[in-house]
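Text of protein-v2.cif (mmCIF, C-alpha atoms and all ligand atoms) as supplied:
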```
data_coords
#
loop_
_atom_site.label_atom_id
_atom_site.label_comp_id
_atom_site.auth_asym_id
_atom_site.auth_seq_id
_atom_site.Cartn_x
_atom_site.Cartn_y
_atom_site.Cartn_z
CA MET J 1 4.00 2.84 -25.57
CA GLU J 2 2.85 -0.25 -23.67
CA THR J 3 4.85 -3.41 -24.42
CA LYS J 4 2.67 -6.44 -25.13
CA GLN J 5 3.36 -8.84 -22.25
CA LEU J 6 3.42 -12.25 -23.94
CA TYR J 7 4.41 -13.99 -20.69
CA LEU J 8 0.92 -13.33 -19.33
CA TYR J 9 -0.54 -15.77 -21.86
CA ASP J 10 2.01 -18.60 -21.80
CA SER J 11 4.63 -19.09 -19.06
CA TYR J 12 6.26 -21.87 -21.14
CA GLN J 13 7.07 -19.85 -24.26
CA ARG J 14 10.87 -19.77 -24.54
CA ASP J 15 11.45 -17.72 -27.69
CA PHE J 16 9.72 -15.04 -29.72
CA VAL J 17 10.10 -12.47 -32.47
CA ALA J 18 9.54 -8.74 -31.96
CA LYS J 19 10.16 -5.32 -33.38
CA ILE J 20 12.41 -2.73 -31.75
CA GLU J 21 10.41 0.30 -30.64
CA ARG J 22 13.28 2.26 -29.16
CA VAL J 23 16.95 1.97 -28.14
CA ASN J 24 18.23 4.19 -25.37
CA GLY J 25 21.82 3.50 -24.33
CA ASN J 26 21.82 -0.16 -23.33
CA GLU J 27 18.02 -0.28 -22.95
CA VAL J 28 16.04 -1.92 -25.73
CA VAL J 29 12.25 -1.56 -25.84
CA LEU J 30 10.35 -4.04 -28.01
CA ASP J 31 6.72 -4.04 -29.18
CA GLN J 32 6.20 -7.35 -27.36
CA THR J 33 8.18 -9.64 -25.07
CA ILE J 34 8.26 -12.94 -23.21
CA PHE J 35 10.86 -11.50 -20.77
CA HIS J 36 9.30 -11.07 -17.34
CA PRO J 37 10.46 -7.81 -15.74
CA LEU J 38 11.24 -7.33 -12.05
CA THR J 39 7.69 -6.75 -10.77
CA GLY J 40 4.97 -8.20 -8.56
CA GLY J 41 7.50 -9.77 -6.20
CA VAL J 42 9.01 -11.97 -8.93
CA SER J 43 12.50 -11.50 -10.36
CA PHE J 44 13.31 -10.77 -14.02
CA ASP J 45 14.26 -13.13 -16.83
CA THR J 46 17.66 -13.15 -18.48
CA GLY J 47 18.49 -14.46 -21.94
CA PHE J 48 19.36 -13.14 -25.40
CA ILE J 49 17.99 -11.02 -28.16
CA GLU J 50 19.47 -11.59 -31.59
CA ASN J 51 19.65 -9.71 -34.79
CA GLY J 52 20.73 -12.11 -37.51
CA CYS J 53 23.67 -14.05 -36.06
CA ASP J 54 24.47 -11.27 -33.59
CA LYS J 55 23.52 -12.39 -30.05
CA ARG J 56 23.11 -9.81 -27.25
CA ALA J 57 22.83 -10.93 -23.63
CA VAL J 58 19.82 -9.54 -21.74
CA LEU J 59 21.12 -8.80 -18.23
CA ARG J 60 18.05 -7.29 -16.58
CA VAL J 61 14.45 -6.41 -17.46
CA GLU J 62 12.43 -3.53 -16.03
CA ILE J 63 8.86 -2.30 -16.43
CA ASN J 64 7.70 1.28 -16.14
CA ARG J 65 4.69 1.07 -13.83
CA ASP J 66 2.91 4.01 -15.45
CA THR J 67 3.48 3.38 -19.16
CA LYS J 68 3.80 -0.45 -18.91
CA GLU J 69 6.79 -0.14 -21.22
CA ILE J 70 9.36 -2.93 -20.74
CA ALA J 71 13.08 -2.21 -21.09
CA HIS J 72 15.59 -5.01 -21.81
CA ILE J 73 18.98 -3.98 -20.46
CA VAL J 74 21.49 -5.61 -22.81
CA GLU J 75 25.23 -6.06 -22.62
CA ASN J 76 25.70 -4.18 -25.86
CA ALA J 77 23.01 -2.40 -27.89
CA GLU J 78 25.36 -1.12 -30.57
CA GLY J 79 23.93 -1.54 -34.04
CA LEU J 80 20.36 -2.19 -32.85
CA LYS J 81 17.87 0.36 -34.13
CA THR J 82 14.18 1.23 -34.12
CA GLY J 83 12.17 -0.85 -36.57
CA ASP J 84 14.59 -3.84 -36.59
CA THR J 85 13.10 -7.28 -36.18
CA VAL J 86 14.83 -9.33 -33.48
CA GLY J 87 14.49 -12.81 -32.07
CA GLY J 88 14.63 -13.40 -28.34
CA SER J 89 14.99 -16.30 -25.96
CA ILE J 90 14.91 -16.55 -22.18
CA THR J 91 17.25 -18.57 -19.94
CA TRP J 92 14.86 -21.41 -19.29
CA ASP J 93 16.51 -22.87 -16.14
CA ARG J 94 16.21 -19.51 -14.40
CA ARG J 95 12.61 -18.93 -15.57
CA TYR J 96 11.47 -22.43 -14.62
CA ARG J 97 12.83 -22.01 -11.08
CA LEU J 98 11.02 -18.65 -10.83
CA MET J 99 7.79 -20.37 -11.95
CA ARG J 100 8.16 -23.24 -9.47
CA LEU J 101 9.05 -20.93 -6.57
CA HIS J 102 6.29 -18.46 -7.47
CA THR J 103 3.56 -21.12 -7.48
CA THR J 104 5.03 -22.41 -4.19
CA ALA J 105 4.72 -18.90 -2.74
CA HIS J 106 0.98 -18.92 -3.57
CA LEU J 107 0.57 -22.35 -1.92
CA ILE J 108 2.38 -21.28 1.25
CA ALA J 109 0.52 -17.96 1.47
CA ALA J 110 -2.81 -19.81 1.15
CA VAL J 111 -1.87 -22.41 3.78
CA MET J 112 -0.53 -19.77 6.21
CA TYR J 113 -3.78 -17.84 5.93
CA ARG J 114 -6.07 -20.86 6.19
CA TYR J 115 -4.39 -22.73 9.04
CA HIS J 116 -2.41 -20.09 10.91
CA ASP J 117 -4.42 -16.91 10.31
CA ALA J 118 -1.25 -15.23 9.02
CA ARG J 119 -1.41 -12.62 6.29
CA ILE J 120 1.35 -12.10 3.78
CA THR J 121 2.79 -8.57 3.90
CA GLY J 122 5.51 -8.86 1.26
CA GLY J 123 7.81 -11.19 -0.57
CA GLN J 124 10.31 -11.73 -3.33
CA VAL J 125 10.88 -14.72 -5.60
CA ASP J 126 14.46 -15.12 -6.84
CA PRO J 127 15.82 -18.08 -8.81
CA ASP J 128 17.74 -19.65 -5.91
CA GLN J 129 15.14 -19.09 -3.18
CA ALA J 130 12.09 -17.05 -2.22
CA LYS J 131 11.29 -15.03 0.87
CA MET J 132 7.88 -14.14 2.26
CA ASP J 133 6.92 -11.83 5.12
CA PHE J 134 3.96 -12.71 7.32
CA ASN J 135 2.09 -10.96 10.04
CA LEU J 136 2.32 -13.62 12.74
CA PRO J 137 2.57 -12.88 16.45
CA ARG J 138 4.09 -16.26 17.29
CA THR J 139 7.68 -17.08 16.48
CA ASP J 140 7.20 -20.85 16.49
CA ARG J 141 9.27 -22.58 13.88
CA GLU J 142 6.63 -25.35 13.88
CA VAL J 143 4.12 -23.00 12.24
CA PHE J 144 6.36 -22.64 9.19
CA GLU J 145 7.40 -26.29 9.21
CA ASP J 146 3.71 -27.19 9.19
CA ALA J 147 3.00 -24.74 6.34
CA VAL J 148 5.81 -26.20 4.21
CA ALA J 149 4.60 -29.75 4.97
CA LYS J 150 1.04 -28.82 3.94
CA ALA J 151 2.31 -27.12 0.78
CA ASN J 152 4.25 -30.31 -0.06
CA ILE J 153 0.99 -32.28 0.26
CA GLU J 154 -0.55 -29.92 -2.31
CA VAL J 155 2.41 -30.60 -4.62
CA GLN J 156 1.75 -34.34 -4.35
CA LYS J 157 -1.90 -33.80 -5.35
CA LYS J 158 -0.65 -32.66 -8.79
CA THR J 159 -3.34 -29.99 -9.14
CA GLN J 160 -3.73 -28.32 -12.55
CA LEU J 161 -3.65 -24.51 -12.32
CA LYS J 162 -6.20 -22.39 -14.17
CA ILE J 163 -5.04 -19.08 -15.63
CA TYR J 164 -7.65 -16.90 -17.32
CA PHE J 165 -8.75 -13.33 -17.88
CA LEU J 166 -11.89 -11.71 -16.52
CA ASN J 167 -13.20 -8.22 -17.07
CA ARG J 168 -13.55 -6.05 -14.01
CA ASP J 169 -17.32 -6.58 -13.61
CA GLU J 170 -17.07 -10.37 -13.88
CA ALA J 171 -14.13 -10.45 -11.50
CA LEU J 172 -15.96 -8.38 -8.90
CA LYS J 173 -18.79 -10.95 -8.80
CA ILE J 174 -16.47 -13.68 -7.51
CA PRO J 175 -16.51 -13.86 -3.71
CA GLY J 176 -12.99 -13.62 -2.32
CA ILE J 177 -11.37 -11.67 -5.12
CA VAL J 178 -13.39 -8.55 -4.39
CA LYS J 179 -10.75 -7.46 -1.88
CA LEU J 180 -8.03 -7.95 -4.46
CA ALA J 181 -10.04 -6.21 -7.16
CA GLU J 182 -10.50 -3.15 -4.99
CA ARG J 183 -6.76 -2.90 -4.61
CA MET J 184 -6.32 -2.83 -8.37
CA PRO J 185 -5.92 0.57 -10.02
CA PRO J 186 -9.26 1.74 -11.45
CA ASP J 187 -7.93 1.75 -15.03
CA VAL J 188 -7.34 -2.02 -15.01
CA LYS J 189 -10.12 -3.48 -17.15
CA ASP J 190 -8.99 -7.09 -17.40
CA PHE J 191 -7.82 -9.18 -14.49
CA ARG J 192 -5.48 -12.11 -15.02
CA ILE J 193 -6.68 -14.70 -12.57
CA VAL J 194 -4.37 -17.43 -11.28
CA GLU J 195 -6.37 -20.20 -9.65
CA ILE J 196 -4.98 -23.23 -7.84
CA PRO J 197 -8.34 -25.02 -7.57
CA GLY J 198 -9.36 -25.68 -3.98
CA ILE J 199 -6.43 -23.67 -2.60
CA ASP J 200 -5.98 -20.17 -3.92
CA LEU J 201 -7.37 -17.63 -6.37
CA GLN J 202 -5.64 -14.34 -7.04
CA ALA J 203 -5.31 -11.56 -9.57
CA ASP J 204 -1.67 -12.02 -10.56
CA GLY J 205 0.67 -11.13 -13.42
CA GLY J 206 3.60 -13.49 -12.87
CA PRO J 207 4.76 -16.77 -14.45
CA HIS J 208 3.53 -20.03 -12.89
CA VAL J 209 3.86 -23.76 -13.50
CA SER J 210 0.77 -25.37 -15.01
CA ASN J 211 0.61 -28.18 -12.43
CA THR J 212 1.61 -28.15 -8.74
CA GLY J 213 3.35 -31.51 -9.35
CA GLU J 214 6.08 -29.66 -11.27
CA ILE J 215 7.22 -27.89 -8.10
CA GLY J 216 9.13 -30.85 -6.65
CA GLU J 217 10.08 -30.87 -2.99
CA ILE J 218 9.75 -27.62 -1.04
CA SER J 219 12.16 -27.04 1.83
CA LEU J 220 12.40 -24.42 4.55
CA VAL J 221 15.69 -22.50 4.42
CA LYS J 222 15.37 -20.19 7.44
CA ILE J 223 13.08 -17.96 9.46
CA GLU J 224 13.89 -14.42 10.58
CA ASN J 225 12.16 -12.17 13.06
CA LYS J 226 11.50 -8.76 11.52
CA GLY J 227 9.91 -6.95 14.45
CA LYS J 228 7.20 -7.83 16.97
CA THR J 229 4.76 -9.59 14.63
CA GLN J 230 6.69 -9.78 11.34
CA ARG J 231 8.23 -13.11 10.40
CA ARG J 232 10.24 -13.74 7.26
CA LEU J 233 10.28 -17.22 5.76
CA TYR J 234 12.94 -18.29 3.23
CA PHE J 235 12.22 -21.42 1.23
CA THR J 236 13.46 -23.18 -1.85
CA VAL J 237 12.67 -26.09 -4.17
CA LYS J 238 15.01 -28.88 -5.25
ZN ZN Z 301 1.96 -14.19 -7.45
#
```

For this file, write the structure as structure tokens.
Amino acid sequence: METKQLYLYDSYQRDFVAKIERVNGNEVVLDQTIFHPLTGGVSFDTGFIENGCDKRAVLRVEINRDTKEIAHIVENAEGLKTGDTVGGSITWDRRYRLMRLHTTAHLIAAVMYRYHDARITGGQVDPDQAKMDFNLPRTDREVFEDAVAKANIEVQKKTQLKIYFLNRDEALKIPGIVKLAERMPPDVKDFRIVEIPGIDLQADGGPHVSNTGEIGEISLVKIENKGKTQRRLYFTVK
């Protein structure tokens, strides 16, 4: 059964209450969760679920792409059973870094496309740093230094993000997201849209900050060549 993904509605929610749907070894499936699983190029949350005064560490969170069921891999699931009500809380420092780095990734991808005609081909946001792969024939370090500088200007503008849901038909009417919409599986009826006004608009399921000003200072960590036209950028935030 699909787990209700509470993190889609509020990236800032730190705790919640849920019912256990299933326990399988150290995997606990709840009816709803604020824990973001490893998906969409963004790492998972860690934290705790608790049953009375009994705290269990959540070490990893995974989503089944087909069933949309989310499994919380806990240190010890002993004594937890189907139907129990549990409380849960995420490790906020880790989540907030994921949010700041994820919104940064959208800024950099938008700037790289707009000013350097470079398309993103992959990426991964982890709590300490993020990496992004671009299709870029040139190896110039200046291109990435420029992109980070331009992204930092967007941070200083303190732009408020807009996160909203659109049904498929409404989404397809918006110029620019048609390409993204076509990539979506046909059974997706509602699109979660993440808009950084004036910069970027994407169908996206990950946690973000609500204002670019929360990102702080972005810095370039390193650049790697991954073949003839593939460049990998590592960056972080303070
Ligand atoms: Zn994203």

Which polymer residues have any atom within 6 Å of an atom of segment 211-224 of chain J, counting only C-alpha atoms, with same-chain residues fewer than 4 positions away left out, as a tab-separated table (two decimals) with C-alpha atoms, keeping the file's coordinate frame?
```tsv
chain	number	residue	atom	x	y	z
J	100	ARG	CA	8.16	-23.24	-9.47
J	155	VAL	CA	2.41	-30.60	-4.62
J	156	GLN	CA	1.75	-34.34	-4.35
J	158	LYS	CA	-0.65	-32.66	-8.79
J	159	THR	CA	-3.34	-29.99	-9.14
J	160	GLN	CA	-3.73	-28.32	-12.55
J	161	LEU	CA	-3.65	-24.51	-12.32
J	231	ARG	CA	8.23	-13.11	10.40
J	232	ARG	CA	10.24	-13.74	7.26
J	233	LEU	CA	10.28	-17.22	5.76
J	234	TYR	CA	12.94	-18.29	3.23
J	235	PHE	CA	12.22	-21.42	1.23
J	236	THR	CA	13.46	-23.18	-1.85
J	237	VAL	CA	12.67	-26.09	-4.17
J	238	LYS	CA	15.01	-28.88	-5.25
```

Checklist entry - In Å to one decimal, how far is atom CA of Glu27 of chain J from atom CA of Met1 of chain J? => result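 These atoms are spaced 14.6 Å apart.
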
Against ligand ZN 301 (chain Z), which residues of chain J fall within 12 Å? For each one I want the closest pair of atoms and the distance in Å (one decimal), counting all atoms listed in the file, rows by chain and increasing residue number, as a Markdown table.
```
| residue | atom | partner | partner_atom | distance |
| --- | --- | --- | --- | --- |
| J:Leu8 | CA | Z:ZN301 | ZN | 12.0 |
| J:Thr39 | CA | Z:ZN301 | ZN | 10.0 |
| J:Gly40 | CA | Z:ZN301 | ZN | 6.8 |
| J:Gly41 | CA | Z:ZN301 | ZN | 7.2 |
| J:Val42 | CA | Z:ZN301 | ZN | 7.5 |
| J:Ser43 | CA | Z:ZN301 | ZN | 11.3 |
| J:Leu98 | CA | Z:ZN301 | ZN | 10.6 |
| J:Met99 | CA | Z:ZN301 | ZN | 9.6 |
| J:Arg100 | CA | Z:ZN301 | ZN | 11.2 |
| J:Leu101 | CA | Z:ZN301 | ZN | 9.8 |
| J:His102 | CA | Z:ZN301 | ZN | 6.1 |
| J:Thr103 | CA | Z:ZN301 | ZN | 7.1 |
| J:Thr104 | CA | Z:ZN301 | ZN | 9.4 |
| J:Ala105 | CA | Z:ZN301 | ZN | 7.2 |
| J:His106 | CA | Z:ZN301 | ZN | 6.2 |
| J:Leu107 | CA | Z:ZN301 | ZN | 10.0 |
| J:Ile108 | CA | Z:ZN301 | ZN | 11.2 |
| J:Ala109 | CA | Z:ZN301 | ZN | 9.8 |
| J:Ala110 | CA | Z:ZN301 | ZN | 11.3 |
| J:Ile120 | CA | Z:ZN301 | ZN | 11.4 |
| J:Gly122 | CA | Z:ZN301 | ZN | 10.8 |
| J:Gly123 | CA | Z:ZN301 | ZN | 9.5 |
| J:Gln124 | CA | Z:ZN301 | ZN | 9.6 |
| J:Val125 | CA | Z:ZN301 | ZN | 9.1 |
| J:Ala130 | CA | Z:ZN301 | ZN | 11.8 |
| J:Met132 | CA | Z:ZN301 | ZN | 11.4 |
| J:Ile163 | CA | Z:ZN301 | ZN | 11.8 |
| J:Arg192 | CA | Z:ZN301 | ZN | 10.8 |
| J:Ile193 | CA | Z:ZN301 | ZN | 10.1 |
| J:Val194 | CA | Z:ZN301 | ZN | 8.1 |
| J:Glu195 | CA | Z:ZN301 | ZN | 10.5 |
| J:Ile196 | CA | Z:ZN301 | ZN | 11.4 |
| J:Asp200 | CA | Z:ZN301 | ZN | 10.5 |
| J:Leu201 | CA | Z:ZN301 | ZN | 10.0 |
| J:Gln202 | CA | Z:ZN301 | ZN | 7.6 |
| J:Ala203 | CA | Z:ZN301 | ZN | 8.0 |
| J:Asp204 | CA | Z:ZN301 | ZN | 5.2 |
| J:Gly205 | CA | Z:ZN301 | ZN | 6.8 |
| J:Gly206 | CA | Z:ZN301 | ZN | 5.7 |
| J:Pro207 | CA | Z:ZN301 | ZN | 8.0 |
| J:His208 | CA | Z:ZN301 | ZN | 8.1 |
| J:Val209 | CA | Z:ZN301 | ZN | 11.5 |
```

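Taking only C-alpha atoms into account, Gln13 of chain J lies nearest to J:Gly88 out of the set J:Gly25, J:Gly88, J:Gly79, J:Pro127.
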
Checklist entry - Nearest to Thr85 of chain J among J:Lys4, J:Lys19, J:Arg168, J:Arg119, with distances taken over all atoms listed in the file: which residue is it? => result J:Lys19

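Relative to atom CA of Val17 of chain J, atom CA of Asp84 of chain J is found at 10.6 Å.
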
Give as a short mmCIF file (atom, residue, chain, number, x, y, z; two decimals) with C-alpha atoms, in the frame of the given file each residue that has an atom at most 8 Å from (13.9, -12.1, -13.8) in the file, counting only C-alpha atoms.
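File result_17.cif, as written:
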```cif
data_model
loop_
_atom_site.label_atom_id
_atom_site.label_comp_id
_atom_site.auth_asym_id
_atom_site.auth_seq_id
_atom_site.Cartn_x
_atom_site.Cartn_y
_atom_site.Cartn_z
CA PHE J 35 10.86 -11.50 -20.77
CA HIS J 36 9.30 -11.07 -17.34
CA PRO J 37 10.46 -7.81 -15.74
CA LEU J 38 11.24 -7.33 -12.05
CA VAL J 42 9.01 -11.97 -8.93
CA SER J 43 12.50 -11.50 -10.36
CA PHE J 44 13.31 -10.77 -14.02
CA ASP J 45 14.26 -13.13 -16.83
CA THR J 46 17.66 -13.15 -18.48
CA ARG J 60 18.05 -7.29 -16.58
CA VAL J 61 14.45 -6.41 -17.46
CA ARG J 94 16.21 -19.51 -14.40
CA ARG J 95 12.61 -18.93 -15.57
CA LEU J 98 11.02 -18.65 -10.83
CA ASP J 126 14.46 -15.12 -6.84
#
```

Checklist entry - What does the distance from atom CA of Ala171 of chain J to atom CA of Thr67 of chain J come to in Å, to one decimal? => result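 It comes out at 23.7 Å.
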
Item to check | Best match for closeness to Asp15 of chain J among J:Glu50, J:Asp169, J:Asp190, J:Asp146, counting all atoms listed in the file | outcome: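 Of J:Glu50, J:Asp169, J:Asp190, J:Asp146, the one nearest Asp15 of chain J is J:Glu50, counting all atoms listed in the file.
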
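When all atoms listed in the file are used to compute distances to Lys162 of chain J, the closest of the residues J:Glu75, J:Gly227, J:Lys131, J:Ser210 turns out to be J:Ser210.
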
Item to check | Among listed residues J:Ile34, J:Val86, J:Ala118, J:Val23, nearest Gly52 of chain J (using only C-alpha atoms) | outcome: J:Val86

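Protein and nucleic acid residues near (23.5, -14.5, -25.0) are J:Gly47, J:Phe48, J:Lys55, J:Arg56, J:Ala57, the criterion being any atom at most 6 Å away using only C-alpha atoms.
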
Next on the checklist: Between J:Met112, J:Ala77, J:Ala147, J:Ile49, which residue has the minimum interatomic distance to Arg22 of chain J, considering all atoms listed in the file?
Outcome noted: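 Counting all atoms listed in the file, the residue closest to Arg22 of chain J is J:Ala77.
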
Fill-in result for segment 7-18 of chain J, all heavy atoms as an mmCIF file, in the frame of the given file:
```cif
data_model
loop_
_atom_site.group_PDB
_atom_site.id
_atom_site.type_symbol
_atom_site.label_atom_id
_atom_site.label_comp_id
_atom_site.auth_asym_id
_atom_site.auth_seq_id
_atom_site.Cartn_x
_atom_site.Cartn_y
_atom_site.Cartn_z
ATOM 1 N N TYR J 7 4.277 -13.024 -21.797
ATOM 2 C CA TYR J 7 4.410 -13.990 -20.690
ATOM 3 C C TYR J 7 3.129 -14.137 -19.880
ATOM 4 O O TYR J 7 2.982 -15.091 -19.132
ATOM 5 C CB TYR J 7 5.584 -13.603 -19.774
ATOM 6 C CG TYR J 7 5.484 -12.196 -19.210
ATOM 7 C CD1 TYR J 7 4.709 -11.921 -18.094
ATOM 8 C CD2 TYR J 7 6.151 -11.139 -19.823
ATOM 9 C CE1 TYR J 7 4.602 -10.634 -17.590
ATOM 10 C CE2 TYR J 7 6.059 -9.851 -19.327
ATOM 11 C CZ TYR J 7 5.288 -9.603 -18.215
ATOM 12 O OH TYR J 7 5.179 -8.331 -17.734
ATOM 13 N N LEU J 8 2.198 -13.207 -20.042
ATOM 14 C CA LEU J 8 0.920 -13.330 -19.330
ATOM 15 C C LEU J 8 0.073 -14.465 -19.896
ATOM 16 O O LEU J 8 -0.787 -15.013 -19.220
ATOM 17 C CB LEU J 8 0.106 -12.031 -19.430
ATOM 18 C CG LEU J 8 0.650 -10.791 -18.738
ATOM 19 C CD1 LEU J 8 -0.268 -9.595 -19.029
ATOM 20 C CD2 LEU J 8 0.759 -11.009 -17.234
ATOM 21 N N TYR J 9 0.304 -14.799 -21.174
ATOM 22 C CA TYR J 9 -0.540 -15.770 -21.860
ATOM 23 C C TYR J 9 0.039 -17.178 -21.844
ATOM 24 O O TYR J 9 -0.715 -18.152 -21.932
ATOM 25 C CB TYR J 9 -0.786 -15.299 -23.311
ATOM 26 C CG TYR J 9 -1.373 -13.911 -23.337
ATOM 27 C CD1 TYR J 9 -0.546 -12.791 -23.460
ATOM 28 C CD2 TYR J 9 -2.739 -13.709 -23.154
ATOM 29 C CE1 TYR J 9 -1.069 -11.508 -23.428
ATOM 30 C CE2 TYR J 9 -3.265 -12.434 -23.119
ATOM 31 C CZ TYR J 9 -2.428 -11.335 -23.253
ATOM 32 O OH TYR J 9 -2.946 -10.069 -23.199
ATOM 33 N N ASP J 10 1.384 -17.280 -21.791
ATOM 34 C CA ASP J 10 2.010 -18.600 -21.800
ATOM 35 C C ASP J 10 3.350 -18.523 -21.058
ATOM 36 O O ASP J 10 4.316 -17.965 -21.573
ATOM 37 C CB ASP J 10 2.225 -19.064 -23.250
ATOM 38 C CG ASP J 10 2.832 -20.451 -23.336
ATOM 39 O OD1 ASP J 10 3.040 -21.089 -22.282
ATOM 40 O OD2 ASP J 10 3.105 -20.893 -24.467
ATOM 41 N N SER J 11 3.391 -19.111 -19.855
ATOM 42 C CA SER J 11 4.630 -19.090 -19.060
ATOM 43 C C SER J 11 5.705 -19.978 -19.669
ATOM 44 O O SER J 11 6.875 -19.879 -19.292
ATOM 45 C CB SER J 11 4.348 -19.568 -17.629
ATOM 46 O OG SER J 11 3.416 -18.735 -16.988
ATOM 47 N N TYR J 12 5.328 -20.870 -20.592
ATOM 48 C CA TYR J 12 6.260 -21.870 -21.140
ATOM 49 C C TYR J 12 6.892 -21.458 -22.463
ATOM 50 O O TYR J 12 7.686 -22.194 -23.016
ATOM 51 C CB TYR J 12 5.554 -23.215 -21.278
ATOM 52 C CG TYR J 12 5.232 -23.834 -19.940
ATOM 53 C CD1 TYR J 12 4.105 -23.442 -19.234
ATOM 54 C CD2 TYR J 12 6.077 -24.776 -19.372
ATOM 55 C CE1 TYR J 12 3.820 -23.982 -17.989
ATOM 56 C CE2 TYR J 12 5.809 -25.331 -18.135
ATOM 57 C CZ TYR J 12 4.672 -24.929 -17.446
ATOM 58 O OH TYR J 12 4.410 -25.458 -16.216
ATOM 59 N N GLN J 13 6.493 -20.302 -22.991
ATOM 60 C CA GLN J 13 7.070 -19.850 -24.260
ATOM 61 C C GLN J 13 8.515 -19.422 -24.041
ATOM 62 O O GLN J 13 8.798 -18.570 -23.189
ATOM 63 C CB GLN J 13 6.238 -18.680 -24.817
ATOM 64 C CG GLN J 13 6.632 -18.328 -26.241
ATOM 65 C CD GLN J 13 5.791 -17.179 -26.811
ATOM 66 O OE1 GLN J 13 4.716 -16.850 -26.286
ATOM 67 N NE2 GLN J 13 6.287 -16.559 -27.862
ATOM 68 N N ARG J 14 9.450 -20.021 -24.794
ATOM 69 C CA ARG J 14 10.870 -19.770 -24.540
ATOM 70 C C ARG J 14 11.498 -18.824 -25.544
ATOM 71 O O ARG J 14 12.566 -18.285 -25.296
ATOM 72 C CB ARG J 14 11.654 -21.077 -24.576
ATOM 73 C CG ARG J 14 11.182 -22.072 -23.553
ATOM 74 C CD ARG J 14 12.078 -23.285 -23.602
ATOM 75 N NE ARG J 14 11.498 -24.394 -22.877
ATOM 76 C CZ ARG J 14 12.177 -25.468 -22.509
ATOM 77 N NH1 ARG J 14 13.462 -25.567 -22.804
ATOM 78 N NH2 ARG J 14 11.591 -26.448 -21.865
ATOM 79 N N ASP J 15 10.897 -18.679 -26.719
ATOM 80 C CA ASP J 15 11.450 -17.720 -27.690
ATOM 81 C C ASP J 15 10.342 -16.983 -28.431
ATOM 82 O O ASP J 15 9.180 -17.413 -28.421
ATOM 83 C CB ASP J 15 12.458 -18.366 -28.647
ATOM 84 C CG ASP J 15 12.078 -19.771 -29.002
ATOM 85 O OD1 ASP J 15 10.925 -19.964 -29.434
ATOM 86 O OD2 ASP J 15 12.923 -20.682 -28.828
ATOM 87 N N PHE J 16 10.705 -15.904 -29.070
ATOM 88 C CA PHE J 16 9.720 -15.040 -29.720
ATOM 89 C C PHE J 16 10.413 -14.129 -30.724
ATOM 90 O O PHE J 16 11.642 -14.058 -30.776
ATOM 91 C CB PHE J 16 8.966 -14.201 -28.671
ATOM 92 C CG PHE J 16 9.809 -13.112 -28.030
ATOM 93 C CD1 PHE J 16 9.498 -11.769 -28.215
ATOM 94 C CD2 PHE J 16 10.922 -13.428 -27.262
ATOM 95 C CE1 PHE J 16 10.279 -10.768 -27.641
ATOM 96 C CE2 PHE J 16 11.708 -12.436 -26.689
ATOM 97 C CZ PHE J 16 11.377 -11.106 -26.874
ATOM 98 N N VAL J 17 9.592 -13.445 -31.509
ATOM 99 C CA VAL J 17 10.100 -12.470 -32.470
ATOM 100 C C VAL J 17 9.395 -11.143 -32.170
ATOM 101 O O VAL J 17 8.218 -11.125 -31.829
ATOM 102 C CB VAL J 17 9.801 -12.928 -33.925
ATOM 103 C CG1 VAL J 17 10.145 -11.847 -34.927
ATOM 104 C CG2 VAL J 17 10.581 -14.209 -34.241
ATOM 105 N N ALA J 18 10.134 -10.042 -32.265
ATOM 106 C CA ALA J 18 9.540 -8.740 -31.960
ATOM 107 C C ALA J 18 10.210 -7.648 -32.776
ATOM 108 O O ALA J 18 11.232 -7.881 -33.442
ATOM 109 C CB ALA J 18 9.704 -8.442 -30.469
#
```
